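Here is the structure we will look at, set down as structure tokens.
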Amino acid sequence: MVGFAPPARSVWVTVAVVGLLLWSGLFTVLTLRPHPRTWLYAGDTVIVVALCLAQGGLVPAEVLQASAGSGWIDMVARTGVLIAQFTLRLPLAAASTIAIAAAHAVGAGLRDASVVLVLQGLLAAAVVALLRRGARRADLALSAEASARAAERARSAARSDELDQQRLLHDTVLATLTMVGTGSITRGSAALPQRAAADLTVIEGLQAHPATARAVARGPAPLDVALRTVVLTRHVGLPALDVEFDVPPLDLPHEVVEALAHGAAEALANVSRHAGNRAARVAARRVGEGGVAVEVRDSGGGFDPAAVPAHRRGLRESVQGRMTAVGGSARVTSSPGSGTRVVLRWEP
């Protein structure tokens, strides 16, 4: 740039260099903004073409006569070719490369440098084509993976909702049918219409909202209130229990409180049905960092958990399944003659 030997004139070189620097600054700022425009890159090509055409008055004669392409206009031309290939689509990029090479040949005469510009444009176009091809493949792969994840989440949500509805039906309709089948409630019992009406309300709720059996609230909920409600709720057709209650105030996520409450309710219902003892204990304690363990214990007849038939879904789904669905666990400890202990555990 400082080679002010004839025919280069210092005034024109200074004007051209300052103008190029100003354009470069503006070009950089606009390129770094989101969604740069095609006119910006096309304008860069126009400026490079203008400098190539004017290089007879901007570059010393010794540089123009050399074929190595070592002048500052040659540097600008090569940069312009690369920018055009990497920013413009194929027709415009090819046209820009041809325009720059032709202007360079007109301004300095046909030299090796002009041919090198064309070869450089071809190589850059090949690199850009490979990059865009790889990007398209990556986009397709990521899109397919995202679609697969979305489908899996949908299937998981549908399965979770289905299991939730099955657990709800087990705790209501199937429990009533079981008591009728075992003779705990007879046809003439006054409790049968009451239970049937309550079960019908559950079925109507499932029909009205098949996707969500119950509206799940957001935010924390009081576990002690939910468990006390379970203890005080009278199960129609089942003998009342004398429950010792020892649960401190504790707020947990709503879905966790719901799972713990339903699990404890099913455990207490099993005490009423099978324990042969009307005394039970419901207790809770904090565990870990913000976790809880809820225990439902009775001193009744007990049973062998391993001997429970596979088609019996009470403990498996209404208790263990519910806790698993919220990331918790349930453990049942019992043996004939030694009572039963159900521990529901959840930790963040």
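We label chains A, B, ... in the order they appear in the structure tokens, count residues from 1 in each chain, and number ligands from 1 in the order shown.
Residues of range 210-320 of chain A carrying a DSSP assignment of strand (DSSP E), computed from the backbone, are Pro220, Ala221, Pro222, Asp242, Val243, Glu244, Phe245, Asp246, Asp251, Leu252, Pro253, Ala279, Ala280, Arg281, Val282, Ala283, Ala284, Arg285, Arg286, Val287, Gly291, Val292, Ala293, Val294, Glu295, Val296, Arg297 and Asp298 of chain A.
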Pull N, CA and C atoms from the residues just selected and write them as a PDB file, in the first residue's frame.
ATOM      1  N   PRO A 220     -46.093 -26.737  45.268  1.00  0.00           N
ATOM      2  CA  PRO A 220     -46.081 -27.657  46.400  1.00  0.00           C
ATOM      3  C   PRO A 220     -47.458 -27.856  47.015  1.00  0.00           C
ATOM      4  N   ALA A 221     -47.579 -28.970  47.759  1.00  0.00           N
ATOM      5  CA  ALA A 221     -48.832 -29.285  48.454  1.00  0.00           C
ATOM      6  C   ALA A 221     -48.474 -29.863  49.820  1.00  0.00           C
ATOM      7  N   PRO A 222     -49.347 -29.679  50.825  1.00  0.00           N
ATOM      8  CA  PRO A 222     -49.051 -30.175  52.175  1.00  0.00           C
ATOM      9  C   PRO A 222     -49.316 -31.678  52.284  1.00  0.00           C
ATOM     10  N   ASP A 242     -58.981 -47.695  63.476  1.00  0.00           N
ATOM     11  CA  ASP A 242     -58.469 -46.826  64.517  1.00  0.00           C
ATOM     12  C   ASP A 242     -57.003 -46.538  64.143  1.00  0.00           C
ATOM     13  N   VAL A 243     -56.759 -45.355  63.582  1.00  0.00           N
ATOM     14  CA  VAL A 243     -55.452 -45.055  62.998  1.00  0.00           C
ATOM     15  C   VAL A 243     -54.677 -44.097  63.899  1.00  0.00           C
ATOM     16  N   GLU A 244     -53.462 -44.495  64.257  1.00  0.00           N
ATOM     17  CA  GLU A 244     -52.532 -43.604  64.951  1.00  0.00           C
ATOM     18  C   GLU A 244     -51.815 -42.766  63.896  1.00  0.00           C
ATOM     19  N   PHE A 245     -51.842 -41.462  64.058  1.00  0.00           N
ATOM     20  CA  PHE A 245     -51.351 -40.557  63.009  1.00  0.00           C
ATOM     21  C   PHE A 245     -50.151 -39.775  63.534  1.00  0.00           C
ATOM     22  N   ASP A 246     -49.018 -39.886  62.846  1.00  0.00           N
ATOM     23  CA  ASP A 246     -47.804 -39.170  63.259  1.00  0.00           C
ATOM     24  C   ASP A 246     -47.094 -38.640  61.998  1.00  0.00           C
ATOM     25  N   ASP A 251     -44.278 -29.904  52.998  1.00  0.00           N
ATOM     26  CA  ASP A 251     -44.740 -29.567  51.650  1.00  0.00           C
ATOM     27  C   ASP A 251     -43.857 -30.253  50.616  1.00  0.00           C
ATOM     28  N   LEU A 252     -44.494 -30.880  49.631  1.00  0.00           N
ATOM     29  CA  LEU A 252     -43.804 -31.586  48.553  1.00  0.00           C
ATOM     30  C   LEU A 252     -44.497 -31.257  47.241  1.00  0.00           C
ATOM     31  N   PRO A 253     -43.866 -31.595  46.095  1.00  0.00           N
ATOM     32  CA  PRO A 253     -44.554 -31.409  44.804  1.00  0.00           C
ATOM     33  C   PRO A 253     -45.915 -32.089  44.788  1.00  0.00           C
ATOM     34  N   ALA A 279     -56.737 -51.761  63.882  1.00  0.00           N
ATOM     35  CA  ALA A 279     -55.748 -50.779  64.331  1.00  0.00           C
ATOM     36  C   ALA A 279     -54.643 -50.660  63.282  1.00  0.00           C
ATOM     37  N   ALA A 280     -54.232 -49.425  63.011  1.00  0.00           N
ATOM     38  CA  ALA A 280     -53.158 -49.178  62.057  1.00  0.00           C
ATOM     39  C   ALA A 280     -52.415 -47.907  62.480  1.00  0.00           C
ATOM     40  N   ARG A 281     -51.263 -47.710  61.855  1.00  0.00           N
ATOM     41  CA  ARG A 281     -50.453 -46.528  62.168  1.00  0.00           C
ATOM     42  C   ARG A 281     -49.943 -45.928  60.870  1.00  0.00           C
ATOM     43  N   VAL A 282     -50.108 -44.608  60.742  1.00  0.00           N
ATOM     44  CA  VAL A 282     -49.575 -43.876  59.591  1.00  0.00           C
ATOM     45  C   VAL A 282     -48.577 -42.867  60.129  1.00  0.00           C
ATOM     46  N   ALA A 283     -47.338 -42.963  59.668  1.00  0.00           N
ATOM     47  CA  ALA A 283     -46.279 -42.070  60.134  1.00  0.00           C
ATOM     48  C   ALA A 283     -45.455 -41.618  58.937  1.00  0.00           C
ATOM     49  N   ALA A 284     -44.787 -40.480  59.120  1.00  0.00           N
ATOM     50  CA  ALA A 284     -43.920 -39.963  58.065  1.00  0.00           C
ATOM     51  C   ALA A 284     -42.713 -39.309  58.700  1.00  0.00           C
ATOM     52  N   ARG A 285     -41.585 -39.351  58.002  1.00  0.00           N
ATOM     53  CA  ARG A 285     -40.357 -38.714  58.477  1.00  0.00           C
ATOM     54  C   ARG A 285     -39.577 -38.194  57.277  1.00  0.00           C
ATOM     55  N   ARG A 286     -38.808 -37.166  57.527  1.00  0.00           N
ATOM     56  CA  ARG A 286     -37.977 -36.605  56.468  1.00  0.00           C
ATOM     57  C   ARG A 286     -36.761 -37.498  56.240  1.00  0.00           C
ATOM     58  N   VAL A 287     -36.351 -37.633  54.982  1.00  0.00           N
ATOM     59  CA  VAL A 287     -35.156 -38.389  54.635  1.00  0.00           C
ATOM     60  C   VAL A 287     -34.368 -37.609  53.595  1.00  0.00           C
ATOM     61  N   GLY A 291     -36.506 -35.183  51.092  1.00  0.00           N
ATOM     62  CA  GLY A 291     -37.301 -36.375  50.810  1.00  0.00           C
ATOM     63  C   GLY A 291     -38.190 -36.752  51.980  1.00  0.00           C
ATOM     64  N   VAL A 292     -38.938 -37.829  51.809  1.00  0.00           N
ATOM     65  CA  VAL A 292     -39.868 -38.262  52.843  1.00  0.00           C
ATOM     66  C   VAL A 292     -40.065 -39.766  52.751  1.00  0.00           C
ATOM     67  N   ALA A 293     -40.342 -40.377  53.887  1.00  0.00           N
ATOM     68  CA  ALA A 293     -40.717 -41.788  53.950  1.00  0.00           C
ATOM     69  C   ALA A 293     -42.023 -41.881  54.730  1.00  0.00           C
ATOM     70  N   VAL A 294     -43.049 -42.454  54.107  1.00  0.00           N
ATOM     71  CA  VAL A 294     -44.355 -42.631  54.738  1.00  0.00           C
ATOM     72  C   VAL A 294     -44.532 -44.113  55.040  1.00  0.00           C
ATOM     73  N   GLU A 295     -44.920 -44.406  56.282  1.00  0.00           N
ATOM     74  CA  GLU A 295     -45.079 -45.802  56.707  1.00  0.00           C
ATOM     75  C   GLU A 295     -46.527 -46.055  57.122  1.00  0.00           C
ATOM     76  N   VAL A 296     -47.099 -47.140  56.596  1.00  0.00           N
ATOM     77  CA  VAL A 296     -48.421 -47.611  57.001  1.00  0.00           C
ATOM     78  C   VAL A 296     -48.218 -49.005  57.583  1.00  0.00           C
ATOM     79  N   ARG A 297     -48.535 -49.151  58.871  1.00  0.00           N
ATOM     80  CA  ARG A 297     -48.241 -50.412  59.561  1.00  0.00           C
ATOM     81  C   ARG A 297     -49.499 -50.921  60.260  1.00  0.00           C
ATOM     82  N   ASP A 298     -49.643 -52.240  60.299  1.00  0.00           N
ATOM     83  CA  ASP A 298     -50.709 -52.871  61.093  1.00  0.00           C
ATOM     84  C   ASP A 298     -50.136 -54.127  61.727  1.00  0.00           C
TER      85      ASP A 298
END
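Closest approach to Leu110 in chain A from the set A:Gln85, A:Gln65, A:Gly337, A:Thr97 is made by A:Gln65, with distances taken over only C-alpha atoms.
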Selection near Leu227 in chain A, 9 Å with only C-alpha atoms, sequence-local residues under 3 positions removed, as a VMD selection string: chain A and resid 222 to 224 230 to 232 245 247 257 260 to 262 264 to 265 282
Take the residues from that selection and put them in a file with all heavy atoms, as a short mmCIF file (atom, residue, chain, number, x, y, z; two decimals), in the first residue's frame.
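So result.cif came out as:
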data_model
loop_
_atom_site.label_atom_id
_atom_site.label_comp_id
_atom_site.auth_asym_id
_atom_site.auth_seq_id
_atom_site.Cartn_x
_atom_site.Cartn_y
_atom_site.Cartn_z
N PRO A 222 -49.35 -29.68 50.83
CA PRO A 222 -49.05 -30.17 52.18
C PRO A 222 -49.32 -31.68 52.28
O PRO A 222 -50.45 -32.13 52.13
CB PRO A 222 -50.00 -29.36 53.05
CG PRO A 222 -51.14 -29.00 52.15
CD PRO A 222 -50.57 -28.88 50.78
N LEU A 223 -48.27 -32.43 52.58
CA LEU A 223 -48.42 -33.89 52.70
C LEU A 223 -49.24 -34.26 53.94
O LEU A 223 -50.07 -35.17 53.89
CB LEU A 223 -47.04 -34.55 52.78
CG LEU A 223 -47.04 -36.06 53.00
CD1 LEU A 223 -47.68 -36.78 51.82
CD2 LEU A 223 -45.62 -36.57 53.23
N ASP A 224 -49.02 -33.56 55.05
CA ASP A 224 -49.73 -33.91 56.28
C ASP A 224 -51.24 -33.74 56.13
O ASP A 224 -52.02 -34.57 56.61
CB ASP A 224 -49.22 -33.06 57.45
CG ASP A 224 -49.28 -31.57 57.15
OD1 ASP A 224 -48.85 -31.17 56.04
OD2 ASP A 224 -49.75 -30.80 58.00
N VAL A 230 -56.87 -38.68 54.05
CA VAL A 230 -56.97 -40.11 53.75
C VAL A 230 -57.41 -40.89 54.98
O VAL A 230 -58.29 -41.76 54.92
CB VAL A 230 -55.62 -40.64 53.22
CG1 VAL A 230 -55.61 -42.17 53.21
CG2 VAL A 230 -55.36 -40.10 51.83
N VAL A 231 -56.80 -40.57 56.12
CA VAL A 231 -57.12 -41.29 57.36
C VAL A 231 -58.56 -41.05 57.79
O VAL A 231 -59.25 -41.97 58.26
CB VAL A 231 -56.13 -40.87 58.47
CG1 VAL A 231 -56.60 -41.40 59.83
CG2 VAL A 231 -54.74 -41.38 58.16
N LEU A 232 -59.04 -39.82 57.62
CA LEU A 232 -60.38 -39.48 58.09
C LEU A 232 -61.47 -39.86 57.09
O LEU A 232 -62.66 -39.83 57.44
CB LEU A 232 -60.47 -37.98 58.37
CG LEU A 232 -59.56 -37.46 59.49
CD1 LEU A 232 -59.69 -35.94 59.63
CD2 LEU A 232 -59.90 -38.14 60.82
N PHE A 245 -51.84 -41.46 64.06
CA PHE A 245 -51.35 -40.56 63.01
C PHE A 245 -50.15 -39.77 63.53
O PHE A 245 -50.23 -39.10 64.57
CB PHE A 245 -52.47 -39.59 62.60
CG PHE A 245 -52.15 -38.76 61.39
CD1 PHE A 245 -52.25 -39.29 60.11
CD2 PHE A 245 -51.76 -37.45 61.53
CE1 PHE A 245 -51.97 -38.52 59.00
CE2 PHE A 245 -51.48 -36.66 60.42
CZ PHE A 245 -51.58 -37.20 59.15
N VAL A 247 -47.59 -37.53 61.48
CA VAL A 247 -47.04 -36.94 60.25
C VAL A 247 -46.76 -35.47 60.51
O VAL A 247 -47.69 -34.70 60.80
CB VAL A 247 -48.01 -37.10 59.06
CG1 VAL A 247 -47.42 -36.44 57.82
CG2 VAL A 247 -48.31 -38.56 58.81
N VAL A 257 -47.21 -35.72 46.45
CA VAL A 257 -48.20 -35.80 47.54
C VAL A 257 -49.38 -36.67 47.10
O VAL A 257 -49.88 -37.49 47.88
CB VAL A 257 -48.66 -34.39 47.94
CG1 VAL A 257 -49.85 -34.46 48.88
CG2 VAL A 257 -47.51 -33.63 48.58
N LEU A 260 -48.30 -40.36 47.16
CA LEU A 260 -48.17 -40.84 48.53
C LEU A 260 -49.53 -41.02 49.18
O LEU A 260 -49.77 -42.02 49.90
CB LEU A 260 -47.32 -39.86 49.35
CG LEU A 260 -45.83 -39.79 48.99
CD1 LEU A 260 -45.18 -38.59 49.66
CD2 LEU A 260 -45.13 -41.08 49.41
N ALA A 261 -50.44 -40.07 48.96
CA ALA A 261 -51.76 -40.16 49.57
C ALA A 261 -52.54 -41.35 49.02
O ALA A 261 -53.17 -42.10 49.78
CB ALA A 261 -52.53 -38.85 49.32
N HIS A 262 -52.53 -41.53 47.70
CA HIS A 262 -53.25 -42.67 47.12
C HIS A 262 -52.62 -44.00 47.55
O HIS A 262 -53.34 -44.98 47.79
CB HIS A 262 -53.26 -42.56 45.59
CG HIS A 262 -54.29 -41.60 45.08
ND1 HIS A 262 -55.63 -41.88 45.10
CD2 HIS A 262 -54.17 -40.37 44.52
CE1 HIS A 262 -56.30 -40.86 44.58
NE2 HIS A 262 -55.43 -39.93 44.23
N ALA A 264 -51.00 -44.58 50.37
CA ALA A 264 -51.38 -44.81 51.76
C ALA A 264 -52.85 -45.22 51.86
O ALA A 264 -53.21 -46.09 52.68
CB ALA A 264 -51.12 -43.56 52.58
N ALA A 265 -53.70 -44.61 51.04
CA ALA A 265 -55.12 -44.97 51.05
C ALA A 265 -55.32 -46.43 50.65
O ALA A 265 -56.13 -47.15 51.27
CB ALA A 265 -55.90 -44.05 50.11
N VAL A 282 -50.11 -44.61 60.74
CA VAL A 282 -49.58 -43.88 59.59
C VAL A 282 -48.58 -42.87 60.13
O VAL A 282 -48.93 -42.01 60.95
CB VAL A 282 -50.70 -43.16 58.81
CG1 VAL A 282 -50.09 -42.31 57.69
CG2 VAL A 282 -51.68 -44.17 58.23
#
10 Å contact set for Asn270 in chain A, only C-alpha atoms, chain neighbours under 3 positions out, as a PyMOL selection string: chain A and resi 238+264-267+273-275+314-315+340
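Straight-line separation from CA of Thr201 in chain A to CA of Ala259 in chain A: 20.4 Å.
When CA of Ser24 in chain A is paired with CA of Pro91 in chain A, their separation reads 24.1 Å.
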Nearby residues (only C-alpha atoms) at most 7 Å from Ala103 in chain A, same-chain spacing under 5 positions excluded, as a PDB file with C-alpha atoms, in the first residue's frame:
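For reference, result-v9.pdb as written:
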ATOM      1  CA  VAL A  49     -14.433  -5.291  -8.913  1.00  0.00           C
ATOM      2  CA  CYS A  52      -9.489  -4.399  -9.628  1.00  0.00           C
ATOM      3  CA  LEU A  53     -10.468  -2.181 -12.568  1.00  0.00           C
TER       4      LEU A  53
END
Which of range 37-72 of chain A end up as alpha helix (DSSP H) when DSSP is run on this backbone - answer as a short mmCIF file (atom, residue, chain, number, x, y, z; two decimals) with all heavy atoms, in the first residue's frame?
data_model
loop_
_atom_site.label_atom_id
_atom_site.label_comp_id
_atom_site.auth_asym_id
_atom_site.auth_seq_id
_atom_site.Cartn_x
_atom_site.Cartn_y
_atom_site.Cartn_z
N THR A 38 -28.28 -10.30 1.47
CA THR A 38 -27.52 -10.65 0.27
C THR A 38 -26.88 -9.41 -0.35
O THR A 38 -25.77 -9.49 -0.90
CB THR A 38 -28.44 -11.35 -0.74
OG1 THR A 38 -29.01 -12.51 -0.14
CG2 THR A 38 -27.67 -11.76 -1.99
N TRP A 39 -27.57 -8.27 -0.26
CA TRP A 39 -27.02 -7.05 -0.86
C TRP A 39 -25.67 -6.68 -0.27
O TRP A 39 -24.83 -6.06 -0.95
CB TRP A 39 -27.99 -5.88 -0.71
CG TRP A 39 -28.21 -5.43 0.72
CD1 TRP A 39 -29.22 -5.79 1.55
CD2 TRP A 39 -27.38 -4.54 1.48
NE1 TRP A 39 -29.09 -5.19 2.77
CE2 TRP A 39 -27.96 -4.41 2.75
CE3 TRP A 39 -26.20 -3.83 1.21
CZ2 TRP A 39 -27.43 -3.62 3.76
CZ3 TRP A 39 -25.65 -3.04 2.21
CH2 TRP A 39 -26.26 -2.94 3.46
N LEU A 40 -25.44 -7.05 0.99
CA LEU A 40 -24.17 -6.72 1.63
C LEU A 40 -23.01 -7.43 0.93
O LEU A 40 -21.97 -6.83 0.63
CB LEU A 40 -24.24 -7.10 3.10
CG LEU A 40 -22.98 -6.86 3.93
CD1 LEU A 40 -22.68 -5.37 4.03
CD2 LEU A 40 -23.14 -7.46 5.34
N TYR A 41 -23.21 -8.73 0.65
CA TYR A 41 -22.14 -9.51 0.02
C TYR A 41 -22.01 -9.15 -1.46
O TYR A 41 -20.90 -9.13 -2.01
CB TYR A 41 -22.43 -10.99 0.20
CG TYR A 41 -22.69 -11.35 1.65
CD1 TYR A 41 -23.85 -12.00 2.03
CD2 TYR A 41 -21.78 -10.99 2.64
CE1 TYR A 41 -24.10 -12.30 3.36
CE2 TYR A 41 -22.02 -11.29 3.96
CZ TYR A 41 -23.18 -11.94 4.31
OH TYR A 41 -23.41 -12.22 5.62
N ALA A 42 -23.13 -8.89 -2.11
CA ALA A 42 -23.06 -8.43 -3.50
C ALA A 42 -22.36 -7.08 -3.58
O ALA A 42 -21.56 -6.82 -4.51
CB ALA A 42 -24.47 -8.34 -4.09
N GLY A 43 -22.61 -6.20 -2.62
CA GLY A 43 -21.92 -4.91 -2.58
C GLY A 43 -20.43 -5.07 -2.40
O GLY A 43 -19.63 -4.29 -2.96
N ASP A 44 -20.02 -6.06 -1.60
CA ASP A 44 -18.59 -6.31 -1.43
C ASP A 44 -17.95 -6.68 -2.76
O ASP A 44 -16.84 -6.23 -3.08
CB ASP A 44 -18.38 -7.43 -0.40
CG ASP A 44 -16.91 -7.62 -0.07
OD1 ASP A 44 -16.34 -6.74 0.60
OD2 ASP A 44 -16.34 -8.65 -0.49
N THR A 45 -18.65 -7.52 -3.54
CA THR A 45 -18.13 -7.90 -4.86
C THR A 45 -17.99 -6.68 -5.76
O THR A 45 -17.00 -6.53 -6.49
CB THR A 45 -19.06 -8.94 -5.51
OG1 THR A 45 -19.09 -10.11 -4.70
CG2 THR A 45 -18.59 -9.30 -6.91
N VAL A 46 -18.97 -5.78 -5.72
CA VAL A 46 -18.92 -4.56 -6.54
C VAL A 46 -17.70 -3.72 -6.18
O VAL A 46 -16.98 -3.20 -7.07
CB VAL A 46 -20.22 -3.75 -6.37
CG1 VAL A 46 -20.09 -2.38 -7.05
CG2 VAL A 46 -21.40 -4.51 -6.95
N ILE A 47 -17.42 -3.56 -4.90
CA ILE A 47 -16.26 -2.76 -4.48
C ILE A 47 -14.96 -3.42 -4.90
O ILE A 47 -14.02 -2.74 -5.38
CB ILE A 47 -16.32 -2.55 -2.96
CG1 ILE A 47 -17.48 -1.62 -2.61
CG2 ILE A 47 -15.00 -2.01 -2.43
CD1 ILE A 47 -17.65 -1.35 -1.15
N VAL A 48 -14.87 -4.75 -4.78
CA VAL A 48 -13.65 -5.46 -5.19
C VAL A 48 -13.45 -5.32 -6.70
O VAL A 48 -12.32 -5.09 -7.19
CB VAL A 48 -13.72 -6.94 -4.78
CG1 VAL A 48 -12.55 -7.72 -5.36
CG2 VAL A 48 -13.73 -7.07 -3.26
N VAL A 49 -14.52 -5.46 -7.46
CA VAL A 49 -14.43 -5.29 -8.91
C VAL A 49 -13.94 -3.89 -9.26
O VAL A 49 -13.08 -3.69 -10.15
CB VAL A 49 -15.80 -5.58 -9.57
CG1 VAL A 49 -15.81 -5.10 -11.02
CG2 VAL A 49 -16.11 -7.06 -9.51
N ALA A 50 -14.46 -2.88 -8.57
CA ALA A 50 -14.04 -1.49 -8.84
C ALA A 50 -12.56 -1.31 -8.55
O ALA A 50 -11.83 -0.64 -9.32
CB ALA A 50 -14.88 -0.54 -8.00
N LEU A 51 -12.07 -1.87 -7.46
CA LEU A 51 -10.64 -1.74 -7.14
C LEU A 51 -9.78 -2.48 -8.16
O LEU A 51 -8.70 -2.00 -8.54
CB LEU A 51 -10.38 -2.30 -5.73
CG LEU A 51 -10.89 -1.46 -4.56
CD1 LEU A 51 -10.71 -2.19 -3.23
CD2 LEU A 51 -10.18 -0.11 -4.51
N CYS A 52 -10.25 -3.65 -8.62
CA CYS A 52 -9.49 -4.40 -9.63
C CYS A 52 -9.40 -3.61 -10.93
O CYS A 52 -8.34 -3.57 -11.60
CB CYS A 52 -10.13 -5.75 -9.88
SG CYS A 52 -9.92 -6.93 -8.52
N LEU A 53 -10.47 -2.97 -11.34
CA LEU A 53 -10.47 -2.18 -12.57
C LEU A 53 -9.57 -0.95 -12.44
O LEU A 53 -8.98 -0.49 -13.45
CB LEU A 53 -11.90 -1.75 -12.93
CG LEU A 53 -12.86 -2.86 -13.38
CD1 LEU A 53 -14.27 -2.32 -13.53
CD2 LEU A 53 -12.37 -3.52 -14.68
N ALA A 61 4.12 -0.01 -11.24
CA ALA A 61 4.28 -0.76 -12.48
C ALA A 61 5.01 -2.07 -12.27
O ALA A 61 4.72 -3.09 -12.91
CB ALA A 61 5.03 0.11 -13.51
N GLU A 62 5.99 -2.08 -11.33
CA GLU A 62 6.75 -3.32 -11.08
C GLU A 62 5.83 -4.43 -10.59
O GLU A 62 6.01 -5.59 -10.93
CB GLU A 62 7.86 -3.06 -10.06
CG GLU A 62 8.94 -2.10 -10.52
CD GLU A 62 8.53 -0.67 -10.32
OE1 GLU A 62 7.44 -0.44 -9.75
OE2 GLU A 62 9.28 0.21 -10.73
N VAL A 63 4.85 -4.07 -9.77
CA VAL A 63 3.92 -5.07 -9.23
C VAL A 63 2.96 -5.52 -10.33
O VAL A 63 2.63 -6.71 -10.43
CB VAL A 63 3.14 -4.48 -8.04
CG1 VAL A 63 2.09 -5.47 -7.54
CG2 VAL A 63 4.08 -4.11 -6.92
N LEU A 64 2.50 -4.61 -11.16
CA LEU A 64 1.57 -4.97 -12.23
C LEU A 64 2.23 -5.93 -13.22
O LEU A 64 1.58 -6.82 -13.77
CB LEU A 64 1.09 -3.71 -12.96
CG LEU A 64 0.11 -2.81 -12.19
CD1 LEU A 64 -0.21 -1.57 -13.02
CD2 LEU A 64 -1.17 -3.56 -11.87
N GLN A 65 3.53 -5.76 -13.45
CA GLN A 65 4.23 -6.59 -14.41
C GLN A 65 4.54 -7.97 -13.87
O GLN A 65 4.76 -8.91 -14.64
CB GLN A 65 5.52 -5.90 -14.86
CG GLN A 65 5.27 -4.62 -15.65
CD GLN A 65 6.53 -3.82 -15.89
OE1 GLN A 65 7.63 -4.25 -15.51
NE2 GLN A 65 6.39 -2.64 -16.52
N TRP A 72 -1.38 -5.35 -3.26
CA TRP A 72 -2.47 -5.30 -2.26
C TRP A 72 -3.83 -5.46 -2.90
O TRP A 72 -4.76 -5.99 -2.27
CB TRP A 72 -2.38 -4.00 -1.45
CG TRP A 72 -2.73 -2.73 -2.16
CD1 TRP A 72 -1.93 -2.00 -2.95
CD2 TRP A 72 -3.99 -2.05 -2.12
NE1 TRP A 72 -2.58 -0.89 -3.43
CE2 TRP A 72 -3.85 -0.88 -2.92
CE3 TRP A 72 -5.21 -2.28 -1.49
CZ2 TRP A 72 -4.90 0.02 -3.11
CZ3 TRP A 72 -6.24 -1.37 -1.67
CH2 TRP A 72 -6.09 -0.25 -2.47
#
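Contact shell of Ala113 in chain A at 12 Å (only C-alpha atoms; same-chain neighbours under 5 positions omitted): Cys52, Val63, Leu64, Gln65, Ala66, Ser67, Ala68, Gly69, Ser70, Gly71, Ile73, Asp74, Met75, Ala77, Arg78, Ile100, Ala101, Ala102, Ala103, His104, Ala105, Gly107, Ala108, Val118, Leu119 and Gln120 of chain A.
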Selected residues written out with C-alpha atoms, as an mmCIF file, in the first residue's frame:
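Okay, out02.cif is ready:
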data_model
loop_
_atom_site.group_PDB
_atom_site.id
_atom_site.type_symbol
_atom_site.label_atom_id
_atom_site.label_comp_id
_atom_site.auth_asym_id
_atom_site.auth_seq_id
_atom_site.Cartn_x
_atom_site.Cartn_y
_atom_site.Cartn_z
ATOM 1 C CA CYS A 52 -9.489 -4.399 -9.628
ATOM 2 C CA VAL A 63 3.916 -5.066 -9.231
ATOM 3 C CA LEU A 64 1.568 -4.972 -12.229
ATOM 4 C CA GLN A 65 4.228 -6.592 -14.412
ATOM 5 C CA ALA A 66 4.844 -9.441 -11.958
ATOM 6 C CA SER A 67 2.676 -12.540 -12.256
ATOM 7 C CA ALA A 68 2.925 -13.658 -8.592
ATOM 8 C CA GLY A 69 -0.126 -11.640 -7.530
ATOM 9 C CA SER A 70 1.670 -9.981 -4.607
ATOM 10 C CA GLY A 71 0.037 -6.541 -4.806
ATOM 11 C CA ILE A 73 -5.254 -5.331 -4.845
ATOM 12 C CA ASP A 74 -4.459 -9.030 -5.440
ATOM 13 C CA MET A 75 -4.981 -9.650 -1.696
ATOM 14 C CA ALA A 77 -9.408 -9.796 -4.894
ATOM 15 C CA ARG A 78 -8.606 -13.168 -3.302
ATOM 16 C CA ILE A 100 -13.654 -10.326 -10.012
ATOM 17 C CA ALA A 101 -11.287 -12.401 -12.194
ATOM 18 C CA ALA A 102 -12.351 -10.558 -15.345
ATOM 19 C CA ALA A 103 -11.967 -7.131 -13.703
ATOM 20 C CA HIS A 104 -8.541 -8.145 -12.430
ATOM 21 C CA ALA A 105 -7.477 -9.167 -15.964
ATOM 22 C CA GLY A 107 -7.153 -3.714 -14.785
ATOM 23 C CA ALA A 108 -3.723 -5.400 -14.732
ATOM 24 C CA VAL A 118 -10.803 -18.629 -10.875
ATOM 25 C CA LEU A 119 -9.153 -21.767 -9.443
ATOM 26 C CA GLN A 120 -9.504 -20.380 -5.935
#
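One finds CA of Arg33 in chain A at 24.3 Å from CA of Val127 in chain A.
The smallest atom-to-atom distance between Pro193 in chain A and any of A:Gly25, A:Ala138, A:Gly237, A:Arg341, using only C-alpha atoms, is found for A:Gly237.
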